[in-house]
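Engineer: Dropping in input-v9.txt, with compact mmCIF, C-alpha atoms.
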# COMPACT_ATOMS: atom_id res chain seq x y z
CA MET J 1 -99.80 -101.03 -32.11
CA LEU J 2 -99.46 -98.51 -29.34
CA ASP J 3 -99.62 -94.70 -29.23
CA ILE J 4 -96.10 -93.21 -29.15
CA LYS J 5 -97.43 -89.94 -27.75
CA ASP J 6 -98.98 -91.82 -24.85
CA ILE J 7 -95.74 -93.73 -24.36
CA LYS J 8 -93.93 -90.39 -24.04
CA MET J 9 -96.46 -89.12 -21.50
CA ARG J 10 -96.63 -92.33 -19.42
CA LYS J 11 -93.25 -93.88 -20.01
CA GLN J 12 -93.00 -95.51 -16.57
CA TYR J 13 -96.44 -97.12 -16.98
CA TYR J 14 -95.31 -98.77 -20.22
CA LYS J 15 -92.02 -99.85 -18.66
CA ASP J 16 -94.00 -101.53 -15.87
CA CYS J 17 -96.28 -103.27 -18.41
CA PHE J 18 -93.35 -104.58 -20.42
CA LYS J 19 -91.63 -105.73 -17.25
CA LYS J 20 -94.69 -107.87 -16.43
CA ARG J 21 -94.40 -109.36 -19.89
CA ALA J 22 -90.65 -109.92 -19.43
CA TYR J 23 -90.22 -107.88 -22.62
CA GLU J 24 -87.01 -105.90 -22.87
CA VAL J 25 -86.97 -102.65 -24.83
CA ASP J 26 -85.17 -99.32 -24.50
CA LEU J 27 -88.09 -96.89 -24.46
CA ASP J 28 -85.76 -93.91 -23.97
CA ASN J 29 -84.04 -94.78 -27.24
CA LEU J 30 -87.40 -95.23 -28.98
CA ILE J 31 -88.63 -91.84 -27.77
CA GLU J 32 -85.36 -90.18 -28.83
CA LEU J 33 -85.72 -91.69 -32.31
CA TYR J 34 -89.29 -90.42 -32.51
CA ASP J 35 -88.21 -86.91 -31.44
CA ARG J 36 -85.42 -86.93 -34.03
CA ILE J 37 -87.91 -87.85 -36.72
CA VAL J 38 -90.26 -85.06 -35.66
CA ARG J 39 -87.43 -82.49 -35.57
CA SER J 40 -86.02 -83.63 -38.92
CA LYS J 41 -89.41 -83.54 -40.60
CA GLN J 42 -90.08 -80.05 -39.27
CA GLU J 43 -86.70 -78.80 -40.51
CA GLN J 44 -87.29 -80.46 -43.85
CA GLU J 45 -90.72 -78.82 -44.19
CA ASP J 46 -89.25 -75.42 -43.31
CA LEU J 47 -86.50 -75.81 -45.91
CA LEU J 48 -88.98 -76.95 -48.55
CA ALA J 49 -91.08 -73.87 -47.83
CA LYS J 50 -87.95 -71.68 -48.15
CA ARG J 51 -87.03 -73.45 -51.39
CA ASN J 52 -90.44 -72.75 -52.89
CA LYS J 53 -90.33 -69.13 -51.77
CA GLY J 54 -86.73 -68.78 -53.02
CA ALA J 55 -87.67 -70.18 -56.43
CA LYS J 56 -90.30 -67.47 -56.83
CA THR J 57 -87.84 -64.79 -55.72
CA PHE J 58 -85.25 -66.16 -58.15
CA ASP J 59 -87.70 -65.84 -61.05
CA THR J 60 -88.49 -62.27 -60.07
CA LEU J 61 -84.81 -61.28 -59.77
CA ARG J 62 -83.94 -62.88 -63.08
CA ARG J 63 -86.80 -61.14 -64.88
CA ASN J 64 -85.62 -57.81 -63.44
CA GLY J 65 -82.03 -58.51 -64.46
CA GLU J 66 -80.79 -58.48 -60.88
CA ASP J 67 -77.94 -60.56 -59.39
CA THR J 68 -79.11 -64.03 -58.30
CA GLN J 69 -75.79 -65.54 -57.23
CA ASN J 70 -76.30 -65.22 -53.46
CA LEU J 71 -79.78 -66.65 -53.73
CA GLN J 72 -78.53 -69.54 -55.90
CA ASP J 73 -75.85 -70.34 -53.32
CA GLN J 74 -78.44 -70.35 -50.56
CA LEU J 75 -80.85 -72.54 -52.57
CA LYS J 76 -78.02 -74.97 -53.32
CA LYS J 77 -77.13 -75.14 -49.63
CA ASN J 78 -80.76 -75.72 -48.74
CA ALA J 79 -81.04 -78.50 -51.35
CA GLN J 80 -78.00 -80.26 -49.90
CA ARG J 81 -79.48 -80.06 -46.42
CA ILE J 82 -82.84 -81.39 -47.67
CA THR J 83 -81.03 -84.37 -49.23
CA GLN J 84 -79.15 -84.94 -45.98
CA LEU J 85 -82.36 -84.78 -43.96
CA THR J 86 -84.10 -87.20 -46.33
CA GLU J 87 -81.31 -89.74 -45.81
CA GLN J 88 -81.40 -89.21 -42.06
CA LEU J 89 -85.16 -89.59 -41.94
CA THR J 90 -84.96 -92.89 -43.82
CA GLU J 91 -82.36 -94.17 -41.35
CA PHE J 92 -84.24 -92.90 -38.28
CA GLN J 93 -87.58 -94.25 -39.54
CA GLU J 94 -86.15 -97.72 -40.20
CA GLN J 95 -84.65 -97.87 -36.71
CA TYR J 96 -87.87 -96.56 -35.17
CA ASN J 97 -90.17 -98.93 -37.10
CA LYS J 98 -88.07 -101.95 -36.18
CA ILE J 99 -88.56 -101.22 -32.47
CA PHE J 100 -92.03 -99.65 -32.47
CA PHE J 101 -93.91 -102.18 -34.60
CA ALA J 102 -92.44 -105.03 -32.55
CA LEU J 103 -93.75 -103.62 -29.24
CA PRO J 104 -96.25 -105.89 -27.50
CA ASN J 105 -99.53 -104.69 -26.08
CA ILE J 106 -99.87 -103.29 -22.58
CA VAL J 107 -101.23 -105.56 -19.86
CA MET J 108 -104.44 -104.85 -18.00
CA ASP J 109 -104.56 -104.29 -14.25
CA GLY J 110 -104.42 -107.47 -12.22
CA THR J 111 -102.12 -109.29 -14.63
CA PRO J 112 -99.53 -111.38 -12.75
CA ALA J 113 -95.91 -110.69 -13.65
CA GLY J 114 -93.72 -113.46 -15.03
CA GLY J 115 -94.07 -116.45 -17.32
CA LYS J 116 -95.99 -119.74 -17.22
CA GLU J 117 -94.79 -120.41 -13.69
CA ALA J 118 -96.81 -117.38 -12.49
CA ASN J 119 -100.11 -118.44 -14.12
CA VAL J 120 -103.01 -118.69 -11.64
CA VAL J 121 -105.68 -121.43 -11.62
CA LEU J 122 -109.00 -119.66 -11.05
CA LYS J 123 -111.34 -122.65 -10.94
CA THR J 124 -111.92 -126.20 -12.11
CA PHE J 125 -114.98 -127.91 -13.59
CA LYS J 126 -115.82 -131.45 -12.44
CA GLU J 127 -113.37 -133.79 -10.78
CA LYS J 128 -110.46 -135.51 -12.47
CA PRO J 129 -111.74 -138.73 -14.05
CA THR J 130 -110.77 -141.92 -12.24
CA PHE J 131 -110.84 -145.44 -13.65
CA ALA J 132 -111.31 -148.90 -12.11
CA PHE J 133 -109.15 -150.28 -14.91
CA LYS J 134 -105.88 -149.31 -16.59
CA PRO J 135 -106.88 -146.49 -18.97
CA LYS J 136 -105.53 -146.27 -22.49
CA THR J 137 -103.96 -143.29 -24.20
CA HIS J 138 -105.84 -141.51 -26.96
CA ILE J 139 -103.22 -142.82 -29.40
CA GLN J 140 -104.07 -146.41 -28.44
CA LEU J 141 -107.79 -145.70 -28.61
CA CYS J 142 -107.49 -143.99 -31.99
CA LYS J 143 -105.60 -146.93 -33.46
CA GLU J 144 -107.76 -149.68 -31.92
CA LEU J 145 -111.02 -147.96 -32.87
CA ASN J 146 -109.68 -146.95 -36.31
CA LEU J 147 -110.36 -143.26 -35.70
CA ILE J 148 -107.00 -141.81 -36.75
CA ASP J 149 -104.47 -143.03 -39.31
CA TYR J 150 -101.12 -141.72 -38.10
CA ASP J 151 -98.88 -143.84 -40.33
CA ARG J 152 -100.44 -142.84 -43.65
CA ALA J 153 -100.55 -139.19 -42.52
CA ILE J 154 -96.79 -139.30 -41.99
CA LYS J 155 -96.43 -140.92 -45.41
CA LEU J 156 -98.45 -138.09 -46.99
CA ALA J 157 -97.27 -135.06 -45.01
CA GLY J 158 -94.60 -136.01 -42.46
CA GLU J 159 -94.52 -135.82 -38.67
CA GLY J 160 -97.05 -133.61 -36.89
CA ASN J 161 -99.99 -134.64 -39.06
CA TRP J 162 -102.85 -137.13 -38.85
CA ILE J 163 -105.79 -138.39 -40.91
CA TYR J 164 -109.28 -138.63 -39.41
CA THR J 165 -110.93 -141.77 -40.71
CA GLY J 166 -114.31 -143.48 -40.36
CA LEU J 167 -115.95 -142.68 -37.02
CA GLY J 168 -112.96 -140.47 -36.21
CA ALA J 169 -113.77 -138.17 -39.12
CA ARG J 170 -117.43 -138.18 -38.11
CA LEU J 171 -116.56 -137.40 -34.47
CA GLU J 172 -114.39 -134.46 -35.55
CA TRP J 173 -117.18 -133.17 -37.77
CA ALA J 174 -119.70 -133.64 -34.96
CA ILE J 175 -117.63 -131.51 -32.58
CA LEU J 176 -117.29 -128.77 -35.20
CA ASN J 177 -121.00 -128.78 -36.01
CA PHE J 178 -121.92 -128.71 -32.32
CA CYS J 179 -119.71 -125.61 -31.84
CA ILE J 180 -121.06 -123.93 -34.98
CA ASN J 181 -124.67 -124.39 -33.88
CA GLU J 182 -123.87 -123.06 -30.40
CA HIS J 183 -122.51 -119.82 -31.90
CA LEU J 184 -125.35 -119.46 -34.40
CA GLN J 185 -127.86 -119.75 -31.57
CA ASP J 186 -126.06 -116.93 -29.76
CA GLY J 187 -126.36 -114.59 -32.74
CA PHE J 188 -122.78 -114.71 -34.02
CA GLU J 189 -122.26 -114.37 -37.78
CA PHE J 190 -120.63 -117.37 -39.49
CA LYS J 191 -117.66 -116.78 -41.81
CA LEU J 192 -115.81 -119.22 -44.07
CA LEU J 193 -112.51 -117.49 -44.70
CA PRO J 194 -109.62 -117.69 -47.16
CA HIS J 195 -106.85 -119.94 -45.90
CA ILE J 196 -104.12 -117.91 -47.63
CA LEU J 197 -103.69 -114.38 -46.30
CA LYS J 198 -101.66 -111.31 -47.20
CA TYR J 199 -98.81 -110.12 -44.99
CA ASP J 200 -100.95 -107.14 -43.90
CA CYS J 201 -103.26 -109.53 -42.04
CA GLY J 202 -100.41 -110.88 -39.93
CA PHE J 203 -99.24 -107.34 -39.21
CA GLY J 204 -102.74 -106.16 -38.33
CA ALA J 205 -103.31 -109.03 -35.91
CA GLY J 206 -100.04 -108.17 -34.14
CA GLN J 207 -98.32 -111.42 -35.12
CA PHE J 208 -95.92 -109.83 -37.63
CA PRO J 209 -93.16 -108.82 -37.86
CA LYS J 210 -92.00 -110.46 -34.61
CA PHE J 211 -93.47 -113.93 -35.17
CA ALA J 212 -93.44 -114.15 -38.97
CA ASN J 213 -91.04 -117.11 -38.79
CA GLU J 214 -93.72 -119.21 -37.08
CA ASP J 215 -96.05 -119.27 -40.09
CA PHE J 216 -96.00 -121.05 -43.45
CA PHE J 217 -95.28 -118.52 -46.20
CA ILE J 218 -96.13 -119.26 -49.82
CA ASP J 219 -92.81 -119.46 -51.66
CA LYS J 220 -94.09 -118.34 -55.03
CA LYS J 221 -93.26 -115.27 -57.10
CA PHE J 222 -96.90 -114.32 -57.57
CA LEU J 223 -97.65 -114.62 -53.83
CA PRO J 224 -94.34 -113.60 -52.21
CA ASN J 225 -95.81 -112.24 -48.96
CA ASN J 226 -98.81 -114.51 -48.51
CA PHE J 227 -99.01 -117.12 -45.77
CA LEU J 228 -101.23 -119.94 -44.54
CA LEU J 229 -103.72 -118.86 -41.92
CA PRO J 230 -102.46 -119.75 -38.39
CA THR J 231 -105.82 -118.99 -36.74
CA ALA J 232 -109.09 -117.50 -37.96
CA GLU J 233 -108.47 -114.56 -35.62
CA THR J 234 -105.77 -113.34 -38.03
CA ALA J 235 -108.39 -112.91 -40.74
CA LEU J 236 -111.37 -111.89 -38.62
CA VAL J 237 -109.64 -108.91 -36.98
CA ASN J 238 -108.73 -107.64 -40.47
CA LEU J 239 -112.25 -107.79 -41.91
CA HIS J 240 -112.83 -104.07 -41.33
CA ARG J 241 -109.28 -102.84 -41.93
CA ASN J 242 -109.27 -99.16 -43.00
CA GLU J 243 -113.02 -98.91 -42.35
CA VAL J 244 -115.09 -96.64 -40.12
CA LEU J 245 -118.02 -98.50 -38.59
CA LYS J 246 -121.12 -96.78 -37.33
CA GLU J 247 -121.66 -96.79 -33.59
CA GLU J 248 -125.03 -98.49 -33.99
CA GLU J 249 -123.34 -101.32 -35.93
CA LEU J 250 -121.38 -102.37 -32.85
CA PRO J 251 -120.85 -104.89 -31.50
CA ARG J 252 -119.89 -107.00 -34.49
CA LYS J 253 -119.83 -110.68 -33.52
CA TYR J 254 -118.18 -113.18 -35.84
CA PHE J 255 -117.05 -116.78 -35.76
CA ALA J 256 -115.27 -118.92 -38.32
CA TYR J 257 -114.29 -122.52 -38.84
CA THR J 258 -110.86 -123.03 -40.41
CA PRO J 259 -107.94 -125.39 -40.41
CA CYS J 260 -104.96 -123.69 -38.74
CA PHE J 261 -101.36 -124.04 -39.89
CA ARG J 262 -98.42 -123.61 -37.50
CA ILE J 263 -94.69 -124.14 -38.05
CA GLU J 264 -93.88 -123.95 -34.35
CA ALA J 265 -96.35 -126.74 -33.54
CA GLY J 266 -95.27 -130.37 -33.47
CA SER J 267 -93.04 -132.06 -30.96
CA ASN J 268 -90.94 -135.17 -30.59
CA ARG J 269 -91.72 -135.40 -26.87
CA PRO J 270 -93.24 -138.81 -26.04
CA ASP J 271 -96.20 -137.21 -24.26
CA GLU J 272 -97.02 -135.01 -27.24
CA LYS J 273 -97.27 -137.70 -29.88
CA GLY J 274 -100.64 -138.02 -31.52
CA MET J 275 -102.89 -134.98 -31.81
CA ILE J 276 -101.80 -132.72 -28.96
CA ARG J 277 -99.49 -130.69 -31.16
CA GLY J 278 -99.52 -130.63 -34.95
CA HIS J 279 -98.79 -128.52 -38.01
CA GLN J 280 -102.49 -128.50 -39.00
CA PHE J 281 -105.56 -128.64 -36.79
CA ASN J 282 -109.19 -127.53 -36.84
CA LYS J 283 -110.57 -124.67 -34.80
CA VAL J 284 -113.69 -122.57 -34.47
CA GLU J 285 -112.75 -119.01 -33.50
CA MET J 286 -114.87 -116.12 -32.19
CA VAL J 287 -114.08 -112.40 -32.55
CA GLU J 288 -115.97 -109.33 -31.38
CA TYR J 289 -115.57 -105.69 -32.42
CA VAL J 290 -116.86 -103.45 -29.64
CA LYS J 291 -116.82 -99.93 -28.25
CA PRO J 292 -114.20 -99.45 -25.52
CA GLU J 293 -116.82 -99.26 -22.78
CA ASP J 294 -118.17 -102.67 -23.85
CA ASN J 295 -114.88 -104.51 -23.45
CA GLN J 296 -115.83 -106.22 -20.16
CA ARG J 297 -119.27 -107.26 -21.42
CA ALA J 298 -117.73 -108.86 -24.50
CA TRP J 299 -115.05 -110.53 -22.38
CA ASP J 300 -117.66 -112.08 -20.10
CA GLU J 301 -119.69 -113.23 -23.10
CA LEU J 302 -116.79 -114.91 -24.90
CA LEU J 303 -115.47 -116.54 -21.74
CA GLY J 304 -118.94 -117.83 -20.87
CA LYS J 305 -119.46 -119.22 -24.37
CA ALA J 306 -116.11 -121.02 -24.46
CA GLU J 307 -116.65 -122.52 -21.00
CA ARG J 308 -120.18 -123.66 -21.81
CA ILE J 309 -118.98 -125.64 -24.81
CA VAL J 310 -116.53 -127.64 -22.69
CA GLN J 311 -119.08 -127.98 -19.90
CA LYS J 312 -121.75 -129.28 -22.27
CA LEU J 313 -119.23 -131.85 -23.48
CA GLY J 314 -118.93 -132.90 -19.83
CA LEU J 315 -115.14 -132.63 -19.73
CA HIS J 316 -112.98 -131.87 -16.71
CA TYR J 317 -111.00 -128.65 -17.23
CA ARG J 318 -109.50 -125.73 -15.37
CA LEU J 319 -109.64 -121.98 -16.01
CA VAL J 320 -106.26 -120.26 -15.81
CA GLN J 321 -105.34 -116.59 -15.60
CA LEU J 322 -102.16 -116.13 -17.63
CA ALA J 323 -99.20 -114.08 -16.44
CA GLY J 324 -97.97 -111.26 -18.67
CA GLY J 325 -95.02 -113.20 -20.01
CA ASP J 326 -97.36 -115.94 -21.28
CA TYR J 327 -99.63 -113.59 -23.26
CA ALA J 328 -99.75 -113.55 -27.03
CA HIS J 329 -97.92 -110.48 -28.34
CA GLY J 330 -101.02 -108.43 -29.13
CA MET J 331 -103.14 -109.30 -26.09
CA ALA J 332 -103.68 -107.19 -22.97
CA LYS J 333 -105.44 -109.91 -20.97
CA THR J 334 -105.78 -113.67 -21.49
CA TRP J 335 -107.42 -116.52 -19.60
CA ASP J 336 -107.02 -120.09 -20.86
CA ILE J 337 -109.40 -123.02 -20.66
CA GLU J 338 -107.16 -126.05 -20.18
CA ILE J 339 -108.48 -129.55 -20.75
CA TYR J 340 -107.24 -132.54 -18.77
CA ILE J 341 -105.57 -135.40 -20.66
CA PRO J 342 -105.43 -138.39 -18.25
CA SER J 343 -102.61 -140.30 -20.01
CA MET J 344 -100.37 -137.23 -19.77
CA ASP J 345 -101.66 -136.29 -16.31
CA ARG J 346 -101.57 -132.65 -17.32
CA TYR J 347 -103.72 -129.88 -18.71
CA THR J 348 -103.47 -128.41 -22.19
CA GLU J 349 -105.11 -125.30 -23.61
CA VAL J 350 -108.21 -125.66 -25.80
CA SER J 351 -109.34 -122.04 -25.73
CA SER J 352 -107.71 -118.70 -25.05
CA VAL J 353 -110.04 -115.82 -24.22
CA SER J 354 -108.31 -112.51 -24.87
CA THR J 355 -108.79 -108.81 -25.37
CA ALA J 356 -106.42 -106.75 -27.49
CA LEU J 357 -108.07 -103.45 -26.45
CA ASN J 358 -107.34 -101.12 -29.42
CA TYR J 359 -103.92 -102.63 -30.24
CA GLN J 360 -105.12 -104.53 -33.32
CA ALA J 361 -107.49 -101.74 -34.36
CA ARG J 362 -104.58 -99.28 -34.46
CA ARG J 363 -102.60 -101.65 -36.66
CA THR J 364 -105.58 -102.23 -38.98
CA ASN J 365 -106.88 -98.64 -38.74
CA THR J 366 -110.37 -99.82 -37.75
CA LYS J 367 -112.51 -97.11 -36.19
CA TYR J 368 -116.11 -96.33 -35.37
CA GLN J 369 -117.98 -93.04 -35.58
CA LYS J 370 -119.76 -91.88 -32.47
CA ALA J 371 -123.12 -90.11 -32.38
CA ASP J 372 -121.36 -86.75 -32.01
CA GLY J 373 -119.37 -87.35 -35.20
CA THR J 374 -116.00 -88.05 -33.56
CA LYS J 375 -114.10 -91.22 -34.36
CA ASP J 376 -112.25 -93.67 -32.15
CA PHE J 377 -110.58 -97.06 -32.49
CA VAL J 378 -112.70 -100.13 -31.79
CA TYR J 379 -111.64 -102.81 -29.31
CA THR J 380 -111.21 -106.39 -30.51
CA LEU J 381 -111.58 -109.57 -28.47
CA ASN J 382 -111.21 -113.21 -29.44
CA ALA J 383 -111.77 -116.69 -28.04
CA SER J 384 -111.48 -120.20 -29.38
CA GLY J 385 -114.79 -121.94 -29.49
CA ILE J 386 -113.17 -124.50 -29.74
CA ALA J 387 -109.85 -126.10 -30.89
CA THR J 388 -110.73 -129.71 -31.66
CA SER J 389 -107.29 -131.39 -31.75
CA ARG J 390 -107.21 -131.46 -27.94
CA ILE J 391 -110.94 -131.80 -27.30
CA PHE J 392 -110.93 -134.95 -29.45
CA PRO J 393 -108.30 -136.83 -27.38
CA ALA J 394 -109.81 -135.51 -24.14
CA ILE J 395 -113.18 -137.00 -25.08
CA LEU J 396 -111.58 -140.34 -25.91
CA GLU J 397 -109.57 -140.54 -22.70
CA GLN J 398 -112.12 -139.09 -20.27
CA TYR J 399 -115.04 -141.11 -21.70
CA GLN J 400 -113.26 -144.43 -22.28
CA ASN J 401 -114.71 -147.69 -20.99
CA GLU J 402 -113.06 -150.86 -19.68
CA ASP J 403 -113.89 -152.82 -22.86
CA GLY J 404 -111.94 -150.32 -24.99
CA SER J 405 -115.03 -148.49 -26.26
CA VAL J 406 -115.73 -144.78 -25.79
CA THR J 407 -119.04 -143.26 -24.70
CA VAL J 408 -120.06 -140.30 -26.84
CA PRO J 409 -121.00 -137.08 -24.96
CA ASP J 410 -124.77 -136.62 -25.09
CA VAL J 411 -124.60 -133.31 -26.99
CA LEU J 412 -122.68 -134.96 -29.84
CA VAL J 413 -124.99 -137.97 -30.31
CA PRO J 414 -127.42 -136.12 -32.64
CA TYR J 415 -124.51 -135.11 -34.88
CA LEU J 416 -122.68 -138.44 -34.77
CA GLY J 417 -125.65 -140.80 -34.87
CA CYS J 418 -124.31 -143.21 -32.27
CA LYS J 419 -123.76 -143.35 -28.52
CA ILE J 420 -120.70 -145.59 -28.38
CA LEU J 421 -117.48 -145.70 -30.37
CA LYS J 422 -116.44 -149.33 -30.65
Represent the supplied structure as C-alpha cells.
Structural biologist:
Amino acid sequence: MLDIKDIKMRKQYYKDCFKKRAYEVDLDNLIELYDRIVRSKQEQEDLLAKRNKGAKTFDTLRRNGEDTQNLQDQLKKNAQRITQLTEQLTEFQEQYNKIFFALPNIVMDGTPAGGKEANVVLKTFKEKPTFAFKPKTHIQLCKELNLIDYDRAIKLAGEGNWIYTGLGARLEWAILNFCINEHLQDGFEFKLLPHILKYDCGFGAGQFPKFANEDFFIDKKFLPNNFLLPTAETALVNLHRNEVLKEEELPRKYFAYTPCFRIEAGSNRPDEKGMIRGHQFNKVEMVEYVKPEDNQRAWDELLGKAERIVQKLGLHYRLVQLAGGDYAHGMAKTWDIEIYIPSMDRYTEVSSVSTALNYQARRTNTKYQKADGTKDFVYTLNASGIATSRIFPAILEQYQNEDGSVTVPDVLVPYLGCKILK
C-alpha cells in the first residue's frame, strides 16, 4: 500500500513508476476521490458538532418555554444533509478503495521499463552443459529411474501434479534439507506455517484483491475467505501484522518450508510437461524485516544466499534484472535466478529476490519504534531459497550420464546416501 498524501505531492513520480510497470491508472481521479472524501468527512464532522450543540440549545429553550420551531427546522435540515453525506462517503470510499488498494508498488531507481522483453541478464554461472551423447529430458529420466509417478498423480489429482517416489522422494527431501541447513547456519529462524490462510494475509502481502483469482479458496461456510498458501512469503510478511517491533529486534530473519498452491500454474505446452509448472510444488522461502536504511544490506544478503545454494549444487544459471512490468505487484525491485533446462534450451526462474520497501508493512500495519520513541514502517524483503520443482529437473538434466544414470551433486550426497541415481 502506498501513501496517498505522497502521491498527491509527487504525482508525476508515481505516474513515471506506473508507466515503467505498464500499469494504467488515473491518478487524477484517485486524488479527486480522496479530496472529496476529506471534504465530505470534514463537513459531516462540522454538522455533527452543530447537531450536538443544537440539541443542548433545544433542551434549554424547551425548559424555558421558548419557541423551538426554527431550531427544529435547522436540526432536521442538518440531519438530512448528514444522511446525504454518509451515503456519498460510502460511494466515494468504495470507488477510492477499489483503485487505491489495487495500486502496485513503486519501482526503485534503475528499473528498466517494459515487460519480460526488457529484462536484463546481469551474469551467468558456469557454462551451459554439453553432452557427447543425446541427452534425455527430465521426464524420461524420472520415468526410467522411477523417480516421479506422473500417471498415478493425474489419477489422484489431475493434470499439473506429480508424485515423488523412491529415490525421487529422497532426492526432493535431500534438496529441502540442504536448503534448510544452509539457512540455519546463517542464523535465520525456521518456521513451519499453516497452509490455510485468512484473506487478510493475501491483502497484507499485496496479492489481494488484484490477484485473488489466482489462489485456491476454501469453499466452505466456516472458512469463506480462507485460501491455500501460494508461497510462504504470504504468511511470513504477516507474522507481525499490527505489531510494533523494537528497533533492537531488527532485523528479523525468517525462513519456512511449505508446499505452495497456485491456480495459474500448470500448462499444456509440450515443453512444460512434467515438473516445470504445477498446481503444487515445494519451496523454501526467506523473509527479512529491516529498518529502511538496512534495505540494501538485506538485499545483498538474500541475493548472495540464493545464489550460493544454486552454486553449491553446481548448476548453470543466469541472474536477471527484471523490468518493471515483470515485477510482482507488491515489489519495488526484483532480480531472478534462472536455471537452465537443457531439454527446453531455456532458463526458468528458481528464485526471485525482491524488496517491497514499506509497501507490505503499510498493508499489514507493521512498524518499529526508534530509540527516540518515534515509529516508522519496517521494510520487508523476500527470496526463494529455493523452489525445488525446477531445481529437481535441472539436476537430472545437467548431471545426466550416457548410461541413463544421474550423478548426485556432492552437497546432496550426505542427505541422500548415494552418489548415483540409477
Engineer: Please identify all polymer residues within 6 Å of stretch 336-338 of chain J, counting only C-alpha atoms, omitting same-chain residues fewer than 6 positions from it, and present them as a list in words.
Structural biologist: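 Result of the neighbour search: Tyr317, Arg318, Leu319, Val320, Tyr347, Thr348, Glu349, Val350, Ser351 and Ser352 of chain J.
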Engineer: In Å, with one decimal, what is the gap from atom CA of J:Thr90 to atom CA of J:Cys17?
Structural biologist: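 Answer for the atom CA of J:Thr90 to atom CA of J:Cys17 separation: 29.7 Å.
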Engineer: What lies within 9 Å of stretch 1-11 of chain J using only C-alpha atoms, ignoring chain neighbours under 6 positions off, as a PyMOL selection string?
Structural biologist: chain J and resi 27-28+30-31+34+100-106+204+206+330+358-363
Engineer: As an exercise, work out the distance from atom CA of J:Leu167 to atom CA of J:Asp186 in Å and give it to one decimal place.
Structural biologist: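 Here the two named atoms are 28.6 Å from each other.
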Engineer: Just want the 12 Å neighbourhood of J:Leu421, counted on all atoms listed in the file, with same-chain residues fewer than 5 positions away dropped. Output as an mmCIF file with C-alpha atoms, in the coordinates of the input.
Structural biologist:
data_model
loop_
_atom_site.group_PDB
_atom_site.id
_atom_site.type_symbol
_atom_site.label_atom_id
_atom_site.label_comp_id
_atom_site.auth_asym_id
_atom_site.auth_seq_id
_atom_site.Cartn_x
_atom_site.Cartn_y
_atom_site.Cartn_z
ATOM 1 C CA LEU J 141 -107.790 -145.700 -28.610
ATOM 2 C CA CYS J 142 -107.490 -143.990 -31.990
ATOM 3 C CA GLU J 144 -107.760 -149.680 -31.920
ATOM 4 C CA LEU J 145 -111.020 -147.960 -32.870
ATOM 5 C CA ASN J 146 -109.680 -146.950 -36.310
ATOM 6 C CA LEU J 147 -110.360 -143.260 -35.700
ATOM 7 C CA GLY J 166 -114.310 -143.480 -40.360
ATOM 8 C CA LEU J 167 -115.950 -142.680 -37.020
ATOM 9 C CA GLY J 168 -112.960 -140.470 -36.210
ATOM 10 C CA ARG J 170 -117.430 -138.180 -38.110
ATOM 11 C CA LEU J 171 -116.560 -137.400 -34.470
ATOM 12 C CA ILE J 395 -113.180 -137.000 -25.080
ATOM 13 C CA LEU J 396 -111.580 -140.340 -25.910
ATOM 14 C CA TYR J 399 -115.040 -141.110 -21.700
ATOM 15 C CA GLN J 400 -113.260 -144.430 -22.280
ATOM 16 C CA ASN J 401 -114.710 -147.690 -20.990
ATOM 17 C CA ASP J 403 -113.890 -152.820 -22.860
ATOM 18 C CA GLY J 404 -111.940 -150.320 -24.990
ATOM 19 C CA SER J 405 -115.030 -148.490 -26.260
ATOM 20 C CA VAL J 406 -115.730 -144.780 -25.790
ATOM 21 C CA THR J 407 -119.040 -143.260 -24.700
ATOM 22 C CA VAL J 408 -120.060 -140.300 -26.840
ATOM 23 C CA PRO J 409 -121.000 -137.080 -24.960
ATOM 24 C CA LEU J 412 -122.680 -134.960 -29.840
ATOM 25 C CA VAL J 413 -124.990 -137.970 -30.310
ATOM 26 C CA LEU J 416 -122.680 -138.440 -34.770
#
Engineer: For each of J:Pro135, J:Asp16, J:Leu122, J:His329, take the minimum atom-to-atom distance to J:Phe208, counting all atoms listed in the file, then give the residue where this is smallest.
Structural biologist: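 Nearest to J:Phe208: J:His329.
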Engineer: Write out as JSON, numbers by chain which residues come within 12 Å of J:Glu288 when counting all atoms listed in the file, dropping same-chain ones fewer than 4 positions away.
Structural biologist: {"J": [187, 188, 189, 233, 236, 237, 238, 239, 240, 249, 250, 251, 252, 253, 254, 255, 256, 292, 294, 295, 296, 297, 298, 299, 300, 301, 302, 353, 354, 355, 356, 357, 361, 378, 379, 380, 381, 382, 383, 384]}
Engineer: When you draw a straight line from atom CA of J:Val284 to atom CA of J:Gly385, how long is it in Å?
Structural biologist: 5.1 Å
Engineer: So, counting all atoms listed in the file, which residue among J:Leu315, J:Val120, J:Ile276, J:Ala332 is closest to J:Trp162?
Structural biologist: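 Ranking J:Leu315, J:Val120, J:Ile276, J:Ala332 by distance to J:Trp162, first place goes to J:Ile276.
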Engineer: Looking at all atoms listed in the file, which of J:Lys422, J:Lys333, J:His183, J:Arg36 is the one that sits closest to J:Arg21?
Structural biologist: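 Between J:Lys422, J:Lys333, J:His183, J:Arg36, the residue approaching J:Arg21 most closely is J:Lys333.
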Engineer: Which is closest to J:Ile148 among J:Ile163, J:Leu322, J:Ile339, J:Met108, if we use only C-alpha atoms?
Structural biologist: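 Residue with the minimum atom-to-atom distance to J:Ile148: J:Ile163.
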Engineer: With all atoms listed in the file as the basis for distance, which of J:Glu32, J:Glu117, J:Asp345, J:Asp372 is at the shortest distance from J:Thr130?
Structural biologist: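 Closest candidate: J:Asp345.
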Engineer: Select, from J:Gly202, J:Gly160, J:Pro393, J:Gly373, the residue with the minimum atom-to-atom distance to J:Ile139, counting all atoms listed in the file.
Structural biologist: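 Among the listed residues, J:Pro393 lies closest to J:Ile139.
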Engineer: Excluding same-chain residues fewer than 3 positions from J:Phe281, what lies within 7 Å of it counting only C-alpha atoms, as a list in words?
Structural biologist: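 These residues fall inside the cut-off: Pro259, Cys260, Phe261, Gly278 and Ser389 of chain J.
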Engineer: Write the residues of the selection above to a file with C-alpha atoms, as a PDB file, in the frame of the given file.
Structural biologist:
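The result, written out as out-v7.pdb:
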ATOM      1  CA  PRO J 259    -107.940-125.390 -40.410  1.00  0.00           C
ATOM      2  CA  CYS J 260    -104.960-123.690 -38.740  1.00  0.00           C
ATOM      3  CA  PHE J 261    -101.360-124.040 -39.890  1.00  0.00           C
ATOM      4  CA  GLY J 278     -99.520-130.630 -34.950  1.00  0.00           C
ATOM      5  CA  SER J 389    -107.290-131.390 -31.750  1.00  0.00           C
TER       6      SER J 389
END
